[in-house]
Structure formats: structure tokens, C-alpha cells
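Heads up, model-v8.cif below (mmCIF, C-alpha atoms and all ligand atoms):
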```cif
data_model
#
loop_
_atom_site.label_atom_id
_atom_site.label_comp_id
_atom_site.auth_asym_id
_atom_site.auth_seq_id
_atom_site.Cartn_x
_atom_site.Cartn_y
_atom_site.Cartn_z
CA MET F 22 107.52 29.95 93.57
CA GLN F 23 104.47 31.85 94.77
CA THR F 24 105.37 35.38 95.92
CA LYS F 25 103.30 36.51 98.89
CA TYR F 26 102.33 40.18 98.74
CA ILE F 27 101.96 41.98 102.09
CA LYS F 28 100.30 45.37 102.33
CA TYR F 29 101.95 46.82 105.44
CA GLU F 30 99.48 48.15 107.96
CA SER F 31 101.31 47.60 111.22
CA SER F 32 104.12 45.43 112.52
CA ASP F 33 101.50 43.40 114.44
CA ILE F 34 99.95 41.82 111.35
CA PRO F 35 100.76 38.08 111.27
CA GLU F 36 102.13 38.30 107.71
CA PHE F 37 104.84 40.70 108.89
CA ASN F 38 106.02 38.23 111.53
CA GLU F 39 105.92 35.52 108.87
CA ALA F 40 108.21 37.59 106.63
CA ALA F 41 110.69 38.14 109.51
CA LYS F 42 110.69 34.36 110.13
CA ALA F 43 111.18 33.68 106.44
CA LEU F 44 114.36 35.80 106.57
CA GLN F 45 115.62 33.68 109.49
CA GLN F 46 114.95 30.59 107.38
CA GLY F 47 117.08 31.86 104.50
CA LYS F 48 114.26 33.10 102.26
CA LEU F 49 114.08 36.34 100.25
CA VAL F 50 111.90 39.26 101.33
CA ALA F 51 111.60 42.57 99.46
CA PHE F 52 110.92 45.56 101.68
CA PRO F 53 110.82 49.35 101.44
CA THR F 54 113.64 51.60 102.60
CA GLU F 55 113.88 55.38 102.32
CA THR F 56 116.17 55.05 99.27
CA VAL F 57 114.71 52.25 97.10
CA TYR F 58 113.11 48.84 97.76
CA GLY F 59 115.65 46.26 98.98
CA LEU F 60 115.75 42.50 98.37
CA GLY F 61 116.67 41.08 101.77
CA ALA F 62 118.27 37.84 102.94
CA ASP F 63 120.22 36.72 106.02
CA ALA F 64 123.63 38.36 105.37
CA LEU F 65 125.46 35.61 107.32
CA ASN F 66 123.84 32.69 105.48
CA SER F 67 125.80 31.99 102.26
CA ASP F 68 123.01 29.99 100.63
CA ALA F 69 120.44 32.70 101.33
CA VAL F 70 122.76 35.35 99.92
CA LYS F 71 123.48 33.22 96.82
CA SER F 72 119.75 33.14 96.12
CA ILE F 73 119.72 36.98 95.98
CA TYR F 74 122.25 36.90 93.12
CA ILE F 75 120.16 34.25 91.32
CA ALA F 76 116.82 36.07 91.75
CA LYS F 77 118.30 39.36 90.50
CA GLY F 78 120.61 37.89 87.85
CA ARG F 79 123.36 39.92 89.56
CA PRO F 80 127.04 39.35 88.70
CA SER F 81 128.66 37.52 91.63
CA ASP F 82 131.49 40.09 91.97
CA ASN F 83 129.03 42.88 92.78
CA PRO F 84 128.90 42.94 96.61
CA LEU F 85 125.81 43.57 98.70
CA ILE F 86 125.05 46.15 101.37
CA VAL F 87 124.36 44.70 104.82
CA HIS F 88 121.48 46.44 106.61
CA ILE F 89 121.31 46.76 110.38
CA SER F 90 118.71 48.18 112.76
CA ASP F 91 120.92 48.95 115.72
CA ILE F 92 124.49 50.18 116.19
CA GLU F 93 125.21 47.08 118.33
CA MET F 94 124.77 44.96 115.17
CA LEU F 95 127.75 46.72 113.56
CA LYS F 96 130.52 45.43 115.86
CA PRO F 97 130.45 41.70 115.05
CA LEU F 98 130.49 42.41 111.29
CA VAL F 99 133.71 44.42 111.14
CA ALA F 100 137.36 44.10 112.14
CA LYS F 101 137.49 47.49 113.89
CA ILE F 102 135.59 50.76 114.14
CA LYS F 103 137.70 53.93 113.82
CA PRO F 104 136.62 57.20 115.51
CA ASP F 105 135.80 58.81 112.12
CA VAL F 106 133.33 56.00 111.41
CA VAL F 107 131.63 56.61 114.75
CA LYS F 108 131.41 60.34 113.98
CA LEU F 109 129.95 59.81 110.54
CA VAL F 110 127.36 57.17 111.40
CA SER F 111 126.31 59.03 114.56
CA GLU F 112 125.38 61.94 112.32
CA TYR F 113 123.75 60.15 109.37
CA TRP F 114 122.37 56.82 110.65
CA PRO F 115 119.67 55.88 110.20
CA GLY F 116 119.91 57.32 106.69
CA PRO F 117 121.10 56.93 103.08
CA LEU F 118 124.75 56.41 104.01
CA THR F 119 126.67 53.14 103.50
CA VAL F 120 130.13 52.71 105.00
CA VAL F 121 132.70 50.25 103.65
CA LEU F 122 134.86 48.73 106.43
CA GLN F 123 137.24 45.79 106.87
CA LYS F 124 135.02 42.76 107.38
CA SER F 125 135.13 40.24 110.22
CA ASP F 126 135.32 36.48 109.65
CA ILE F 127 131.61 35.92 110.21
CA VAL F 128 130.66 37.77 107.00
CA PRO F 129 130.65 35.23 104.16
CA ASP F 130 132.57 35.89 100.93
CA VAL F 131 129.40 35.76 98.80
CA THR F 132 128.00 38.75 100.69
CA THR F 133 131.06 40.87 99.88
CA GLY F 134 131.63 39.57 96.35
CA GLY F 135 134.92 38.06 97.54
CA LEU F 136 136.26 41.36 98.98
CA ASP F 137 137.78 41.60 102.47
CA THR F 138 135.63 44.67 103.11
CA VAL F 139 131.91 44.89 103.87
CA ALA F 140 129.39 47.65 103.12
CA ILE F 141 126.97 48.45 105.96
CA ARG F 142 124.01 50.79 106.39
CA MET F 143 121.17 51.53 108.80
CA PRO F 144 118.11 52.47 106.73
CA ASP F 145 115.82 55.31 107.80
CA HIS F 146 112.51 53.58 107.27
CA PRO F 147 110.23 52.27 110.02
CA ILE F 148 109.28 49.09 108.09
CA ALA F 149 112.89 48.22 107.23
CA LEU F 150 114.05 48.83 110.80
CA GLU F 151 111.19 46.84 112.32
CA LEU F 152 111.74 43.91 109.95
CA ILE F 153 115.47 43.72 110.74
CA ARG F 154 114.72 44.02 114.46
CA LYS F 155 112.15 41.24 114.29
CA ALA F 156 114.40 38.95 112.25
CA ASN F 157 117.25 39.94 114.60
CA ILE F 158 119.93 39.28 111.97
CA PRO F 159 121.89 41.58 109.65
CA ILE F 160 120.11 41.67 106.29
CA ALA F 161 121.99 41.79 102.96
CA ALA F 162 119.79 43.81 100.66
CA PRO F 163 120.62 45.10 97.19
CA SER F 164 117.98 46.98 95.25
CA ALA F 165 114.98 44.72 94.55
CA ASN F 166 115.14 44.90 90.74
CA ARG F 167 116.44 42.56 88.03
CA SER F 168 120.09 43.44 87.56
CA GLY F 169 120.58 46.38 85.19
CA ARG F 170 116.96 47.62 85.40
CA PRO F 171 115.94 50.91 87.06
CA SER F 172 115.84 50.57 90.85
CA PRO F 173 112.36 50.02 92.32
CA THR F 174 110.73 52.88 94.23
CA LEU F 175 107.28 51.23 94.47
CA ALA F 176 106.24 47.68 95.45
CA GLU F 177 104.71 47.38 91.95
CA HIS F 178 108.19 47.83 90.44
CA VAL F 179 109.48 44.95 92.59
CA ALA F 180 106.59 42.74 91.45
CA GLU F 181 107.28 43.67 87.80
CA ASP F 182 110.85 42.35 88.08
CA LEU F 183 110.75 39.63 90.75
CA ASP F 184 107.24 38.19 91.07
CA GLY F 185 107.53 34.40 91.27
CA ARG F 186 111.25 34.56 92.11
CA ILE F 187 111.12 35.61 95.80
CA SER F 188 109.05 34.66 98.86
CA TYR F 189 107.58 38.01 100.01
CA ILE F 190 107.06 41.59 98.88
CA ILE F 191 106.18 44.06 101.64
CA ASP F 192 104.38 47.09 100.20
CA GLY F 193 105.09 50.22 102.22
CA GLY F 194 104.28 52.80 99.51
CA PRO F 195 106.73 55.02 97.61
CA CYS F 196 110.37 55.49 98.70
CA ARG F 197 111.12 59.02 99.91
CA VAL F 198 114.64 59.52 98.50
CA GLY F 199 114.25 57.50 95.30
CA ILE F 200 117.92 56.78 94.55
CA GLU F 201 120.37 54.52 96.35
CA SER F 202 122.58 55.35 99.34
CA THR F 203 125.93 57.11 99.26
CA VAL F 204 128.70 54.49 99.52
CA VAL F 205 131.78 55.75 101.42
CA ASP F 206 135.01 53.79 101.73
CA MET F 207 136.26 54.29 105.30
CA THR F 208 139.16 51.80 105.10
CA GLY F 209 141.81 54.36 104.09
CA ASP F 210 143.15 57.55 105.69
CA THR F 211 140.59 59.74 103.91
CA ALA F 212 136.91 58.95 103.46
CA THR F 213 136.27 58.30 99.76
CA ILE F 214 132.86 58.37 98.07
CA LEU F 215 132.54 55.35 95.79
CA ARG F 216 128.93 55.98 94.81
CA PRO F 217 127.15 59.34 95.28
CA GLY F 218 123.72 59.23 96.92
CA GLY F 219 121.34 60.94 99.32
CA ILE F 220 124.15 62.08 101.66
CA THR F 221 126.13 64.69 99.71
CA PRO F 222 129.93 65.20 99.70
CA SER F 223 129.55 68.46 101.64
CA MET F 224 127.45 66.72 104.33
CA ILE F 225 130.34 64.27 104.85
CA GLU F 226 132.96 67.00 104.72
CA LYS F 227 131.06 68.88 107.41
CA VAL F 228 131.52 65.97 109.82
CA LEU F 229 134.99 64.68 108.86
CA GLY F 230 136.64 67.87 107.56
CA LYS F 231 137.73 66.08 104.39
CA VAL F 232 136.23 63.74 101.79
CA GLU F 233 137.36 62.53 98.38
CA LEU F 234 135.49 61.32 95.32
CA ASP F 235 136.62 58.04 93.76
CA LYS F 236 138.50 58.81 90.52
CA SER F 237 135.87 57.01 88.46
CA LEU F 238 133.28 59.61 89.54
CA MET F 239 135.27 62.71 88.74
CA ASP F 240 135.26 62.68 84.96
CA LYS F 241 132.96 60.74 82.68
CA LYS F 242 135.79 60.23 80.22
CA ASN F 243 137.97 58.70 82.92
CA VAL F 244 138.61 55.01 82.36
CA GLU F 245 139.69 54.13 85.92
CA ILE F 246 138.12 50.93 87.23
CA PRO F 247 135.70 51.92 90.00
CA LYS F 248 136.48 50.61 93.49
CA SER F 249 132.78 50.02 94.04
CA PRO F 250 132.36 46.99 91.80
CA GLY F 251 128.69 47.72 91.06
CA MET F 252 129.56 51.02 89.39
CA LYS F 253 131.28 49.40 86.42
CA TYR F 254 128.09 47.92 84.97
CA ARG F 255 125.55 49.63 82.68
CA HIS F 256 122.90 50.15 85.21
CA TYR F 257 119.55 51.59 86.19
CA SER F 258 118.46 51.31 82.56
CA PRO F 259 115.05 51.24 80.98
CA LYS F 260 114.63 49.24 77.76
CA ALA F 261 114.61 52.50 75.80
CA ASP F 262 117.87 54.10 74.71
CA VAL F 263 118.72 56.95 77.10
CA PHE F 264 120.57 60.14 76.07
CA VAL F 265 121.67 62.91 78.42
CA VAL F 266 121.40 66.36 76.84
CA THR F 267 123.38 69.11 78.48
CA GLY F 268 123.82 72.83 77.78
CA PHE F 269 121.87 76.09 78.08
CA HIS F 270 118.23 75.05 78.49
CA GLU F 271 116.95 76.81 75.37
CA ASP F 272 119.59 75.06 73.26
CA VAL F 273 118.72 71.75 74.93
CA ALA F 274 115.05 72.32 74.10
CA ASN F 275 115.72 73.24 70.44
CA TRP F 276 118.10 70.36 69.83
CA THR F 277 115.79 67.83 71.47
CA LYS F 278 112.68 69.12 69.67
CA ASN F 279 114.36 68.59 66.29
CA LYS F 280 115.66 65.21 67.31
CA ILE F 281 112.24 63.99 68.42
CA ILE F 282 110.70 65.07 65.09
CA GLN F 283 113.47 63.21 63.22
CA ASP F 284 112.89 60.14 65.39
CA LYS F 285 109.17 60.28 64.68
CA ASN F 286 109.82 60.42 60.93
CA MET F 287 111.86 57.25 61.34
CA GLY F 288 109.02 55.54 63.18
CA LYS F 289 110.61 55.85 66.63
CA LYS F 290 108.74 56.92 69.73
CA SER F 291 110.78 59.41 71.78
CA VAL F 292 110.15 61.42 74.92
CA VAL F 293 112.08 64.06 76.81
CA LEU F 294 112.31 64.17 80.60
CA ALA F 295 112.92 67.76 81.64
CA ALA F 296 112.56 70.33 84.41
CA LYS F 297 108.99 71.47 84.95
CA GLU F 298 110.11 75.07 84.43
CA HIS F 299 111.34 74.20 80.90
CA ILE F 300 108.57 71.88 79.70
CA GLU F 301 106.82 74.59 77.67
CA GLN F 302 109.99 75.38 75.74
CA PHE F 303 110.02 71.87 74.36
CA GLY F 304 106.59 72.63 72.91
CA LEU F 305 105.79 68.96 72.67
CA ASN F 306 103.21 66.71 74.17
CA ASN F 307 105.89 64.13 74.78
CA ALA F 308 107.85 66.25 77.26
CA ILE F 309 107.46 64.93 80.81
CA SER F 310 108.44 66.82 83.97
CA TYR F 311 110.86 65.12 86.37
CA GLY F 312 110.43 67.91 88.95
CA SER F 313 111.82 71.33 89.60
CA VAL F 314 115.21 72.48 88.36
CA LYS F 315 115.59 74.11 91.77
CA ASP F 316 115.24 70.85 93.71
CA ALA F 317 117.34 67.85 92.68
CA SER F 318 115.72 65.74 95.40
CA GLU F 319 112.44 65.91 93.43
CA VAL F 320 114.26 64.56 90.38
CA ALA F 321 115.79 61.80 92.54
CA ALA F 322 112.37 60.76 93.79
CA ASN F 323 110.89 60.57 90.26
CA ILE F 324 113.58 59.44 87.85
CA PHE F 325 113.49 55.63 88.19
CA SER F 326 109.71 55.57 88.19
CA LEU F 327 109.66 57.66 85.00
CA PHE F 328 112.12 55.31 83.30
CA ARG F 329 109.82 52.39 84.10
CA LYS F 330 106.78 54.31 82.84
CA CYS F 331 108.56 54.95 79.53
CA ASP F 332 109.08 51.19 79.21
CA GLN F 333 105.40 50.53 79.84
CA ASP F 334 104.52 53.10 77.17
CA GLY F 335 106.78 51.41 74.61
CA VAL F 336 109.15 54.38 74.27
CA ASP F 337 112.24 53.79 72.06
CA LYS F 338 114.36 56.80 73.04
CA ILE F 339 114.49 58.95 76.17
CA TYR F 340 116.25 62.32 76.14
CA VAL F 341 116.98 63.63 79.63
CA GLU F 342 117.71 67.30 80.24
CA ALA F 343 120.79 67.33 82.51
CA ILE F 344 120.62 69.03 85.91
CA SER F 345 123.39 70.68 87.93
CA LYS F 346 125.71 68.29 89.80
CA GLU F 347 125.38 70.35 92.99
CA GLY F 348 124.27 68.57 96.17
CA ILE F 349 122.18 65.47 95.50
CA GLY F 350 122.30 66.48 91.80
CA LEU F 351 125.67 64.66 91.66
CA ALA F 352 123.96 61.37 92.56
CA VAL F 353 121.01 61.97 90.26
CA MET F 354 123.27 62.70 87.27
CA ASN F 355 125.43 59.67 88.15
CA ARG F 356 122.38 57.39 87.80
CA ILE F 357 121.13 59.09 84.63
CA GLU F 358 124.57 58.93 82.98
CA LYS F 359 124.84 55.23 83.90
CA ALA F 360 121.38 54.59 82.45
CA ALA F 361 122.55 56.36 79.29
CA GLY F 362 125.62 54.12 79.14
CA GLY F 363 127.76 57.23 78.57
CA LYS F 364 125.64 58.72 75.71
CA ILE F 365 126.01 62.38 76.70
CA ILE F 366 125.25 65.12 74.15
CA GLU F 367 126.64 68.59 74.77
CA VAL F 368 124.66 71.15 72.73
P1 LIG F 401 122.92 47.97 95.47
O1 LIG F 401 122.73 47.26 96.75
O2 LIG F 401 122.30 47.28 94.31
O3 LIG F 401 122.51 49.39 95.63
O4 LIG F 401 124.46 47.97 95.22
C1 LIG F 401 125.38 48.07 96.28
C2 LIG F 401 126.54 48.95 95.90
O5 LIG F 401 127.47 48.98 96.97
C3 LIG F 401 127.28 48.46 94.67
O6 LIG F 401 127.62 49.53 93.83
C4 LIG F 401 128.50 47.81 95.26
O7 LIG F 401 129.56 47.80 94.36
C5 LIG F 401 128.77 48.67 96.51
N1 LIG F 401 129.50 47.90 97.52
C6 LIG F 401 129.01 46.93 98.30
N2 LIG F 401 129.99 46.38 99.07
C7 LIG F 401 131.12 47.02 98.75
C8 LIG F 401 132.48 46.92 99.19
N3 LIG F 401 132.84 46.02 100.11
N4 LIG F 401 133.39 47.75 98.63
C9 LIG F 401 133.02 48.65 97.72
N5 LIG F 401 131.75 48.80 97.26
C10 LIG F 401 130.81 48.00 97.76
MG MG F 402 121.17 48.08 92.60
#
```
What is this structure when it is put down as C-alpha cells?
Amino acid sequence: MQTKYIKYESSDIPEFNEAAKALQQGKLVAFPTETVYGLGADALNSDAVKSIYIAKGRPSDNPLIVHISDIEMLKPLVAKIKPDVVKLVSEYWPGPLTVVLQKSDIVPDVTTGGLDTVAIRMPDHPIALELIRKANIPIAAPSANRSGRPSPTLAEHVAEDLDGRISYIIDGGPCRVGIESTVVDMTGDTATILRPGGITPSMIEKVLGKVELDKSLMDKKNVEIPKSPGMKYRHYSPKADVFVVTGFHEDVANWTKNKIIQDKNMGKKSVVLAAKEHIEQFGLNNAISYGSVKDASEVAANIFSLFRKCDQDGVDKIYVEAISKEGIGLAVMNRIEKAAGGKIIEV
């Protein structure tokens, strides 16, 4: 299959209309959102949705998020809408918030990985919203990467993973947030975060008064099966082996410095991703800044792109200096720990 690459200039360009039509015809279109690039298909067309799983190599029990452009699109997709859901989405849509609700009969089982619930979000990105509006159908869109790889935050990342496997890639430049949406289960009495993301627990608590974290998120040693099926897989990973290093930053720097020298002696190429304020302490030319220790949203915006760059540079091992799990730091550390497959070193 030839993948058509569209450089977005305006929604009036003929290629953009072509991409919206392609969605209506059951084809796959990758497009930018504020979180990461999504791989879109008609959420109500089982065959179209099946082709997402094939293109990504995604396990069929890992459900997709359905993207909408207008609150009116929500009603037909769900069994009912409770007042708390209205409150929450009124505050954070469009935005990096996904709500899990009881699904209606029109949502096919493939879209929800066989669950009787459906995950829905309204993205905060003009290209995504315009594309959904033009196609005029709800769009199932997981991240536009091969399953298990770091999520794509540039159109080039999408091409790296999916060129030749999908019909269109719409290039809208870098994604602002850089990590995926917060997934919140709204089917029970208390809102429960299944996957942390751009909307923090305290932002949800502010609106609803109460929010819980799924047990699988509370303690890395916890062996509970996550309710969000996608969270059970090793995920977001570069080809290199990832290690999280946590502790006082001088100890982290000393430990990592020694480790990188040892690796080098064994013929391995290692790098450390660390806060820009601490880079000098590593005293190495293979220390790369992921942003400021004071601003986890900078780390969110950079981390997946840095993982991919390490792959391009043929890096064998990546040490990542841990950041605080405050605010969006919770989501950032969730992705890094997943990429590390649980290899966390406390120094
Ligand atoms: P992705 O689109 O690749 O960012 O992945 C979507 C995430 O949403 C995965 O972690 C899924 O497990 C989660 N998700 C989607 N639908 C549901 C659902 N009905 N219940 C719980 N989690 C869901
Ligand atoms: Mg994904």
C-alpha cells in the first residue's frame, strides 16, 4: 500500500477532504492530536477497526479510544450519561481526558476489545477536530505507532512505524502534550484513573470532589491486573534497554556515571536522560537533557522523541533520571517505568 503524506496547510486543501472521505470508506488515516499522533478509522465499522489492529500489530484485547468532535456525538455511543460525566467533560473537553462509559449497541466489539464499556475523548487539536467534523463519524484512534514502540509525537515517527501500512499521514507538526490522555473509568460510584495522563488527579478531584487511582498504578510492586487492558503490556519502549534511576540527584549521577563507564568497557553504548539542571553532574558527553526538573510537562513533550532518537543512534542502554510523581509527573513516570519494563534502580 502506498501511504499518502499530507502536509497540513488548511482544511481547504483537497488532500484533507480526501483523507476525511477515506475515513468514511473504512481506510486508515494518521493525524495529530495534542497528546500524540492517532491512527484513525471509522469507530462503527468493524472491518475498518480490525485493520487498525493489523497495521499496529496490536493485541485484539486492547481496546481503542473513540474520538469525537462535538458533544452531540457522545450520546449515541453510550448507554447513559451521568451528571458527573457532564461535569467532567464540560471542564476538560476538548482535552487530554478519556472517559470510560457503558457502551451502546452501535459500538462494535472490536472497538472495545470485547468489553461492554467504551472509552471516549474529544481531542484539543484543530486538525483532529476538523478531520472528525468533516468525516462526520466517531473515529477510533489509538496511538499511531507499531504496538509496543514509543508513541509518535511527530509525523516522521508515524512514517517510521507505519509507512506502507496505512492510507494517509497528516503532518501537523509536533504534539503539544507529548504523552497520551488520562483514562478515567466513570462506570462506578467513584471516578477511577486507569491511566495517568495530561489531566492530573487533582484536576479531576477539583471538579468531582473525589477520584481514585486504579490499584495497578499505586505501587510498582503491585501485581493487580490493570482494568485498562493496554496497561498490562510492556509499552512505549525503544529498542534499547531502559533503566529508571531514582534517588538524590548526586547519587543518581555518580551511580550512572560508573555504570556508563562499565558499559563502555563491555562494548555497550549507553546514554542518560536527565534534568537539564543536573546534566553537568553527570560529566559525560552522553547525558541528554529531557527538560527542566521544575516542569514535568517539558519532560512529557520530549520523552518519546528522545527514546526514538536513541534508537536511531544505536544506543544499547538508556538510564533515565526519575522525576517527582507530582502533577503530570505521575503520567510521565508511568510511561518511563513501562518502557523500562519494571527495571527501577534505587540508589
Ligand atoms: P492508546 O489509544 O494506544 O493510547 O490506548 C488506549 C488506552 O485506553 C489503552 O490503555 C486501553 O486499555 C484504554 N481503554 C480503551 N478502552 C477502554 C475501556 N473500555 N476500558 C478500560 N480501558 C480502556
Ligand atoms: Mg498506544
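Taking CA of Gly362 in chain F and CA of Leu175 in chain F as the two end points, the separation is 24.1 Å.
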| said: At a cut-off of 8 Å around ligand LIG 401 (chain F), and using all atoms listed in the file, what residues come up? Please write them as a PyMOL selection string. | reply: chain F and resi 59+83-86+119+121-122+133-134+136-141+162-165+201-202+204+206+215-216+248-252
| said: Please compute the CA of Ile339 in chain F-CA of Arg79 in chain F distance, one decimal, in Å. | reply: 24.9 Å
| 9 Å contact set for Ser318 in chain F, only C-alpha atoms, chain neighbours under 3 positions out, as a list in words | Val198, Gly199, Gly219, Gly312, Ser313, Ala321, Ala322, Asn323, Ile349, Gly350 and Val353 of chain F
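The point (117.1, 47.7, 117.1) has these residues within 9 Å of it, counting all atoms listed in the file: Ile89, Ser90, Asp91, Ile92, Glu93, Met94, Leu150, Glu151, Ile153, Arg154, Lys155 and Asn157 of chain F.
Of the residues under consideration (F:Tyr311, F:Phe269, F:Trp114, F:Tyr29), F:Tyr311 shows the shortest atom-to-atom contact distance to Val293 in chain F when counting only C-alpha atoms.
Distance-wise, CA of Asn66 in chain F and CA of Pro171 in chain F end up 27.1 Å apart.
With distances restricted to only C-alpha atoms and all ligand atoms, F:Leu60 is the closest residue to ligand MG 402 (chain F) from F:Phe264, F:Leu60, F:Glu358, F:Ile27.
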